[in-house]
$ cat structure_37.cif   # mmCIF, C-alpha atoms
data_entry
#
loop_
_atom_site.group_PDB
_atom_site.id
_atom_site.type_symbol
_atom_site.label_atom_id
_atom_site.label_comp_id
_atom_site.auth_asym_id
_atom_site.auth_seq_id
_atom_site.Cartn_x
_atom_site.Cartn_y
_atom_site.Cartn_z
ATOM 1 C CA MET P 1 18.350 0.317 -7.432
ATOM 2 C CA SER P 2 19.681 0.143 -10.983
ATOM 3 C CA GLY P 3 19.252 3.153 -13.269
ATOM 4 C CA SER P 4 16.576 1.711 -15.546
ATOM 5 C CA LEU P 5 14.685 0.122 -12.657
ATOM 6 C CA GLY P 6 14.839 3.418 -10.771
ATOM 7 C CA ARG P 7 13.477 5.267 -13.798
ATOM 8 C CA ALA P 8 10.684 2.714 -14.131
ATOM 9 C CA ALA P 9 9.814 3.133 -10.451
ATOM 10 C CA ALA P 10 9.797 6.907 -10.774
ATOM 11 C CA ALA P 11 7.595 6.699 -13.863
ATOM 12 C CA LEU P 12 5.098 4.455 -12.091
ATOM 13 C CA LEU P 13 5.043 6.705 -9.044
ATOM 14 C CA CYS P 14 4.108 9.614 -11.318
ATOM 15 C CA TRP P 15 1.732 7.525 -13.469
ATOM 16 C CA GLY P 16 -1.380 8.125 -11.407
ATOM 17 C CA HIS P 17 -1.102 11.906 -11.616
ATOM 18 C CA SER P 18 0.029 12.388 -15.200
ATOM 19 C CA ALA P 19 -1.663 9.642 -17.175
ATOM 20 C CA GLY P 20 -4.896 9.385 -15.232
ATOM 21 C CA GLY P 21 -4.266 5.657 -15.034
ATOM 22 C CA SER P 22 -6.843 3.305 -13.663
ATOM 23 C CA LEU P 23 -6.234 0.368 -11.384
ATOM 24 C CA ARG P 24 -9.674 -1.171 -11.803
ATOM 25 C CA GLY P 25 -9.837 -4.910 -12.091
ATOM 26 C CA LEU P 26 -6.555 -5.637 -10.350
ATOM 27 C CA GLY P 27 -8.090 -7.470 -7.397
ATOM 28 C CA MET P 28 -8.224 -4.599 -4.933
ATOM 29 C CA ARG P 29 -11.276 -4.481 -2.780
ATOM 30 C CA ALA P 30 -12.651 -1.151 -1.742
ATOM 31 C CA ALA P 31 -14.106 -2.233 1.533
ATOM 32 C CA SER P 32 -16.665 -0.642 3.771
ATOM 33 C CA SER P 33 -15.447 0.196 7.234
ATOM 34 C CA GLY P 34 -18.887 -0.294 8.688
ATOM 35 C CA GLY P 35 -18.782 3.215 10.119
ATOM 36 C CA SER P 36 -16.824 2.344 13.217
ATOM 37 C CA GLY P 37 -13.493 3.571 14.483
ATOM 38 C CA SER P 38 -13.491 1.342 17.555
ATOM 39 C CA SER P 39 -10.340 -0.572 18.357
ATOM 40 C CA GLU P 40 -12.190 -3.894 18.116
ATOM 41 C CA HIS P 41 -13.575 -3.077 14.702
ATOM 42 C CA LEU P 42 -10.212 -1.835 13.407
ATOM 43 C CA ASP P 43 -8.543 -4.961 14.746
ATOM 44 C CA MET P 44 -10.985 -7.018 12.699
ATOM 45 C CA LEU P 45 -10.309 -4.939 9.570
ATOM 46 C CA VAL P 46 -6.524 -5.236 9.686
ATOM 47 C CA LYS P 47 -6.705 -8.986 10.373
ATOM 48 C CA LYS P 48 -9.154 -9.698 7.556
ATOM 49 C CA ASP P 49 -6.608 -9.513 4.701
ATOM 50 C CA ARG P 50 -2.854 -9.996 4.305
ATOM 51 C CA VAL P 51 -2.447 -6.480 2.913
ATOM 52 C CA VAL P 52 -4.651 -3.664 4.194
ATOM 53 C CA VAL P 53 -4.343 0.001 3.264
ATOM 54 C CA PHE P 54 -6.125 2.998 4.755
ATOM 55 C CA LEU P 55 -6.086 5.766 2.128
ATOM 56 C CA LYS P 56 -7.408 9.202 1.468
ATOM 57 C CA GLY P 57 -9.484 8.324 -1.558
ATOM 58 C CA THR P 58 -9.412 5.126 -3.559
ATOM 59 C CA PRO P 59 -6.718 3.417 -5.645
ATOM 60 C CA GLU P 60 -8.510 4.681 -8.744
ATOM 61 C CA GLN P 61 -8.723 8.230 -7.376
ATOM 62 C CA PRO P 62 -6.279 8.917 -4.540
ATOM 63 C CA GLN P 63 -7.094 12.231 -2.883
ATOM 64 C CA CYS P 64 -3.537 13.076 -1.835
ATOM 65 C CA GLY P 65 -0.070 12.535 -3.235
ATOM 66 C CA PHE P 66 0.978 10.301 -0.347
ATOM 67 C CA SER P 67 -1.963 7.947 -0.943
ATOM 68 C CA ASN P 68 -1.141 7.927 -4.653
ATOM 69 C CA THR P 69 2.481 7.016 -3.900
ATOM 70 C CA VAL P 70 1.419 4.073 -1.726
ATOM 71 C CA VAL P 71 -0.927 2.823 -4.467
ATOM 72 C CA GLN P 72 1.837 3.119 -7.069
ATOM 73 C CA ILE P 73 4.363 1.267 -4.894
ATOM 74 C CA LEU P 74 1.894 -1.580 -4.441
ATOM 75 C CA ARG P 75 1.248 -1.561 -8.177
ATOM 76 C CA LEU P 76 4.973 -1.588 -8.928
ATOM 77 C CA HIS P 77 5.317 -4.758 -6.861
ATOM 78 C CA SER P 78 2.184 -6.196 -8.554
ATOM 79 C CA ILE P 79 0.313 -6.468 -5.287
ATOM 80 C CA ARG P 80 -3.193 -6.991 -6.573
ATOM 81 C CA ASP P 81 -5.030 -8.561 -3.690
ATOM 82 C CA TYR P 82 -5.497 -6.046 -0.903
ATOM 83 C CA ALA P 83 -8.236 -4.342 1.049
ATOM 84 C CA VAL P 84 -8.610 -0.582 0.816
ATOM 85 C CA TYR P 85 -10.459 1.655 3.255
ATOM 86 C CA ASN P 86 -11.141 5.250 2.269
ATOM 87 C CA VAL P 87 -10.820 7.301 5.460
ATOM 88 C CA LEU P 88 -12.440 10.301 3.802
ATOM 89 C CA ASP P 89 -15.745 8.405 3.733
ATOM 90 C CA ASP P 90 -15.780 7.869 7.489
ATOM 91 C CA PRO P 91 -14.526 10.444 10.034
ATOM 92 C CA GLN P 92 -14.657 7.834 12.834
ATOM 93 C CA LEU P 93 -12.455 5.511 10.802
ATOM 94 C CA ARG P 94 -10.046 8.356 10.010
ATOM 95 C CA GLN P 95 -9.538 9.225 13.669
ATOM 96 C CA GLY P 96 -9.813 5.662 14.900
ATOM 97 C CA ILE P 97 -7.038 4.282 12.699
ATOM 98 C CA LYS P 98 -4.672 6.994 13.918
ATOM 99 C CA ALA P 99 -5.374 6.026 17.533
ATOM 100 C CA TYR P 100 -5.236 2.301 16.737
ATOM 101 C CA SER P 101 -1.762 2.513 15.213
ATOM 102 C CA ASN P 102 -0.579 5.380 17.403
ATOM 103 C CA TRP P 103 0.540 7.014 14.146
ATOM 104 C CA PRO P 104 -0.694 10.478 13.137
ATOM 105 C CA THR P 105 -0.633 10.251 9.344
ATOM 106 C CA ILE P 106 -2.574 8.562 6.567
ATOM 107 C CA PRO P 107 -2.115 6.515 4.402
ATOM 108 C CA GLN P 108 -1.368 3.561 6.640
ATOM 109 C CA VAL P 109 -0.250 0.126 5.455
ATOM 110 C CA TYR P 110 -0.677 -3.166 7.317
ATOM 111 C CA LEU P 111 0.995 -6.421 6.287
ATOM 112 C CA ASN P 112 -0.226 -9.603 7.948
ATOM 113 C CA SER P 113 -2.067 -7.555 10.603
ATOM 114 C CA GLU P 114 1.080 -5.621 11.521
ATOM 115 C CA PHE P 115 1.317 -1.872 11.081
ATOM 116 C CA VAL P 116 4.123 -1.187 8.600
ATOM 117 C CA GLY P 117 3.896 2.576 8.364
ATOM 118 C CA ASP P 118 2.904 5.438 6.162
ATOM 119 C CA CYS P 119 3.970 6.573 2.706
ATOM 120 C CA ASP P 120 7.500 7.582 3.715
ATOM 121 C CA ILE P 121 8.188 4.262 5.408
ATOM 122 C CA LEU P 122 6.732 2.207 2.551
ATOM 123 C CA LEU P 123 8.788 4.215 0.048
ATOM 124 C CA GLN P 124 11.951 3.637 2.082
ATOM 125 C CA MET P 125 11.180 -0.097 2.314
ATOM 126 C CA HIS P 126 10.646 -0.174 -1.446
ATOM 127 C CA GLN P 127 13.922 1.630 -2.110
ATOM 128 C CA ASN P 128 16.073 -0.499 0.194
ATOM 129 C CA GLY P 129 14.500 -3.863 -0.718
ATOM 130 C CA ASP P 130 12.840 -4.515 2.632
ATOM 131 C CA LEU P 131 9.376 -4.479 1.081
ATOM 132 C CA VAL P 132 10.285 -7.378 -1.215
ATOM 133 C CA GLU P 133 11.437 -9.361 1.826
ATOM 134 C CA GLU P 134 8.296 -8.580 3.814
ATOM 135 C CA LEU P 135 6.137 -9.610 0.879
ATOM 136 C CA LYS P 136 8.030 -12.906 0.618
ATOM 137 C CA LYS P 137 7.091 -13.627 4.243
ATOM 138 C CA LEU P 138 3.449 -13.260 3.213
ATOM 139 C CA GLY P 139 3.862 -15.545 0.223
ATOM 140 C CA ILE P 140 3.598 -12.632 -2.202
ATOM 141 C CA ARG P 141 6.182 -12.538 -4.960
ATOM 142 C CA SER P 142 7.107 -9.038 -6.050
ATOM 143 C CA THR P 143 7.508 -8.650 -9.794
ATOM 144 C CA LEU P 144 10.578 -6.570 -9.030
ATOM 145 C CA LEU P 145 12.359 -9.854 -8.315
ATOM 146 C CA ASP P 146 11.687 -10.922 -11.888
ATOM 147 C CA GLU P 147 12.870 -7.574 -13.246
ATOM 148 C CA LYS P 148 16.036 -7.747 -11.152
ATOM 149 C CA LYS P 149 16.662 -11.275 -12.414
ATOM 150 C CA ASP P 150 16.245 -10.033 -16.006
ATOM 151 C CA GLN P 151 18.651 -7.152 -15.320
ATOM 152 C CA ASP P 152 21.232 -9.513 -13.786
ATOM 153 C CA SER P 153 21.108 -11.856 -16.783
ATOM 154 C CA LYS P 154 21.950 -9.059 -19.257
#
$ encode --input "structure_37.cif" --output "structure tokens"
Amino acid sequence: MSGSLGRAAAALLCWGHSAGGSLRGLGMRAASSGGSGSSEHLDMLVKKDRVVVFLKGTPEQPQCGFSNTVVQILRLHSIRDYAVYNVLDDPQLRQGIKAYSNWPTIPQVYLNSEFVGDCDILLQMHQNGDLVEELKKLGIRSTLLDEKKDQDSK
């Protein structure tokens, strides 16, 4: 990642904590889990949207640093259309999603119904460019491609 792009990414990752920034109106849907952590219900939730995120808190008010980092990475790539499920609102959902993915940590990110990983994995994918490629497969164009193109033309 180039120096200025890396600084921009770092600034955005810190944005939610320091500036109290709001993500309202960007197309995210805070969705109700329906109170069920059953495998069938979770299967329906992850298949309902191309991008699905299970967070502690909401995009506007993440309740842990890892959830905030995931929100900021999605924002950095201008991913605006995704479903969000707050696991703190539903203990069955919180435990159920861990069993469903066989992954012990939250947040959890799903792309096209496939479990991608948690904060650390999403951050690594962002840093090495794999996230841009995965988004392309979904028909989602990351704005980082435009920024890279601008950097290359200078």
$ residues_around --input "structure_37.cif" --residues "P:Ile97" --least-positions-apart "6" --cutoff "9 Å" --atoms "only C-alpha atoms" --output "PyMOL selection string"
chain P and resi 37-39+42+54+87+103-104+106+108
$ write_last_selection --input "structure_37.cif" --atoms "C-alpha atoms" --output "tab-separated table (two decimals), in the coordinates of the input"
chain	number	residue	atom	x	y	z
P	37	GLY	CA	-13.49	3.57	14.48
P	38	SER	CA	-13.49	1.34	17.56
P	39	SER	CA	-10.34	-0.57	18.36
P	42	LEU	CA	-10.21	-1.84	13.41
P	54	PHE	CA	-6.12	3.00	4.76
P	87	VAL	CA	-10.82	7.30	5.46
P	103	TRP	CA	0.54	7.01	14.15
P	104	PRO	CA	-0.69	10.48	13.14
P	106	ILE	CA	-2.57	8.56	6.57
P	108	GLN	CA	-1.37	3.56	6.64
$ atom_distance --input "structure_37.cif" --atom1 "atom CA of P:Arg94" --atom2 "atom CA of P:Leu76"
26.1 Å
$ closest_residue --input "structure_37.cif" --among "P:Leu131, P:Leu88, P:Leu93, P:Leu45" --to "P:Ser67" --atoms "all atoms listed in the file"
P:Leu88
$ residues_around --input "structure_37.cif" --residues "P:Asp120" --least-positions-apart "4" --cutoff "10 Å" --atoms "all atoms listed in the file" --output "PDB file with C-alpha atoms, keeping the file's coordinate frame"
ATOM      1  CA  PHE P  66       0.978  10.301  -0.347  1.00  0.00           C
ATOM      2  CA  THR P  69       2.481   7.016  -3.900  1.00  0.00           C
ATOM      3  CA  VAL P  70       1.419   4.073  -1.726  1.00  0.00           C
ATOM      4  CA  PRO P 107      -2.115   6.515   4.402  1.00  0.00           C
ATOM      5  CA  GLN P 124      11.951   3.637   2.082  1.00  0.00           C
ATOM      6  CA  MET P 125      11.180  -0.097   2.314  1.00  0.00           C
ATOM      7  CA  HIS P 126      10.646  -0.174  -1.446  1.00  0.00           C
TER       8      HIS P 126
END
$ atom_distance --input "structure_37.cif" --atom1 "atom CA of P:Phe115" --atom2 "atom CA of P:Val52"
9.3 Å
$ closest_residue --input "structure_37.cif" --among "P:Ala99, P:Gly117, P:Asp90, P:Ser78" --to "P:Leu145" --atoms "only C-alpha atoms"
P:Ser78
$ closest_residue --input "structure_37.cif" --among "P:Leu138, P:Val132, P:Cys64, P:Ile73" --to "P:Asn112" --atoms "only C-alpha atoms"
P:Leu138
$ residues_around --input "structure_37.cif" --residues "P:Leu74" --least-positions-apart "3" --cutoff "12 Å" --atoms "all atoms listed in the file" --output "PyMOL selection string"
chain P and resi 9+12-13+23+26-28+51-53+59+67-71+77-84+109+111+119+122-123+125-126+131-132+135+140-144
$ atom_distance --input "structure_37.cif" --atom1 "atom CA of P:Ser113" --atom2 "atom CA of P:Val46"
5.1 Å
$ closest_residue --input "structure_37.cif" --among "P:Lys98, P:Pro91, P:Gln61, P:Glu114" --to "P:Lys48" --atoms "all atoms listed in the file"
P:Glu114
$ build_atoms --input "structure_37.cif" --residues "stretch 49-72 of chain P" --atoms "N, CA, C and O atoms" --output "tab-separated table (two decimals), keeping the file's coordinate frame"
chain	number	residue	atom	x	y	z
P	49	ASP	N	-7.36	-9.29	5.93
P	49	ASP	CA	-6.61	-9.51	4.70
P	49	ASP	C	-5.11	-9.42	4.99
P	49	ASP	O	-4.70	-8.78	5.96
P	50	ARG	N	-4.32	-10.04	4.12
P	50	ARG	CA	-2.85	-10.00	4.30
P	50	ARG	C	-2.30	-8.60	4.11
P	50	ARG	O	-1.35	-8.20	4.76
P	51	VAL	N	-2.87	-7.85	3.18
P	51	VAL	CA	-2.45	-6.48	2.91
P	51	VAL	C	-3.67	-5.58	3.05
P	51	VAL	O	-4.67	-5.79	2.37
P	52	VAL	N	-3.55	-4.60	3.94
P	52	VAL	CA	-4.65	-3.66	4.19
P	52	VAL	C	-4.08	-2.25	4.14
P	52	VAL	O	-3.03	-1.97	4.71
P	53	VAL	N	-4.80	-1.38	3.43
P	53	VAL	CA	-4.34	0.00	3.26
P	53	VAL	C	-5.50	0.95	3.60
P	53	VAL	O	-6.61	0.78	3.11
P	54	PHE	N	-5.18	1.92	4.44
P	54	PHE	CA	-6.12	3.00	4.76
P	54	PHE	C	-5.64	4.22	3.99
P	54	PHE	O	-4.52	4.70	4.22
P	55	LEU	N	-6.46	4.68	3.04
P	55	LEU	CA	-6.09	5.77	2.13
P	55	LEU	C	-7.00	6.96	2.27
P	55	LEU	O	-8.14	6.84	2.75
P	56	LYS	N	-6.53	8.07	1.75
P	56	LYS	CA	-7.41	9.20	1.47
P	56	LYS	C	-7.79	9.04	0.01
P	56	LYS	O	-6.99	9.24	-0.88
P	57	GLY	N	-9.02	8.59	-0.21
P	57	GLY	CA	-9.48	8.32	-1.56
P	57	GLY	C	-9.49	6.84	-1.83
P	57	GLY	O	-9.54	6.01	-0.92
P	58	THR	N	-9.42	6.51	-3.11
P	58	THR	CA	-9.41	5.13	-3.56
P	58	THR	C	-8.19	4.90	-4.44
P	58	THR	O	-7.58	5.87	-4.89
P	59	PRO	N	-7.84	3.65	-4.73
P	59	PRO	CA	-6.72	3.42	-5.64
P	59	PRO	C	-6.95	4.06	-7.02
P	59	PRO	O	-6.01	4.52	-7.64
P	60	GLU	N	-8.20	4.08	-7.46
P	60	GLU	CA	-8.51	4.68	-8.74
P	60	GLU	C	-8.44	6.20	-8.69
P	60	GLU	O	-8.14	6.85	-9.69
P	61	GLN	N	-8.74	6.78	-7.54
P	61	GLN	CA	-8.72	8.23	-7.38
P	61	GLN	C	-8.18	8.61	-6.00
P	61	GLN	O	-8.93	9.00	-5.11
P	62	PRO	N	-6.86	8.49	-5.82
P	62	PRO	CA	-6.28	8.92	-4.54
P	62	PRO	C	-6.51	10.42	-4.37
P	62	PRO	O	-6.45	11.18	-5.33
P	63	GLN	N	-6.79	10.83	-3.15
P	63	GLN	CA	-7.09	12.23	-2.88
P	63	GLN	C	-5.92	13.00	-2.29
P	63	GLN	O	-6.08	14.15	-1.89
P	64	CYS	N	-4.75	12.36	-2.23
P	64	CYS	CA	-3.54	13.08	-1.84
P	64	CYS	C	-2.34	12.37	-2.47
P	64	CYS	O	-2.42	11.20	-2.84
P	65	GLY	N	-1.27	13.08	-2.60
P	65	GLY	CA	-0.07	12.54	-3.24
P	65	GLY	C	0.52	11.36	-2.47
P	65	GLY	O	1.05	10.43	-3.07
P	66	PHE	N	0.43	11.39	-1.15
P	66	PHE	CA	0.98	10.30	-0.35
P	66	PHE	C	0.19	9.01	-0.58
P	66	PHE	O	0.77	7.93	-0.73
P	67	SER	N	-1.14	9.13	-0.64
P	67	SER	CA	-1.96	7.95	-0.94
P	67	SER	C	-1.66	7.44	-2.34
P	67	SER	O	-1.55	6.22	-2.56
P	68	ASN	N	-1.48	8.34	-3.29
P	68	ASN	CA	-1.14	7.93	-4.65
P	68	ASN	C	0.20	7.18	-4.68
P	68	ASN	O	0.34	6.16	-5.36
P	69	THR	N	1.17	7.67	-3.93
P	69	THR	CA	2.48	7.02	-3.90
P	69	THR	C	2.37	5.60	-3.35
P	69	THR	O	2.96	4.67	-3.91
P	70	VAL	N	1.60	5.42	-2.29
P	70	VAL	CA	1.42	4.07	-1.73
P	70	VAL	C	0.78	3.15	-2.76
P	70	VAL	O	1.23	2.02	-2.97
P	71	VAL	N	-0.26	3.63	-3.43
P	71	VAL	CA	-0.93	2.82	-4.47
P	71	VAL	C	0.07	2.44	-5.57
P	71	VAL	O	0.11	1.30	-6.03
P	72	GLN	N	0.89	3.39	-5.99
P	72	GLN	CA	1.84	3.12	-7.07
P	72	GLN	C	2.94	2.15	-6.64
P	72	GLN	O	3.38	1.32	-7.44
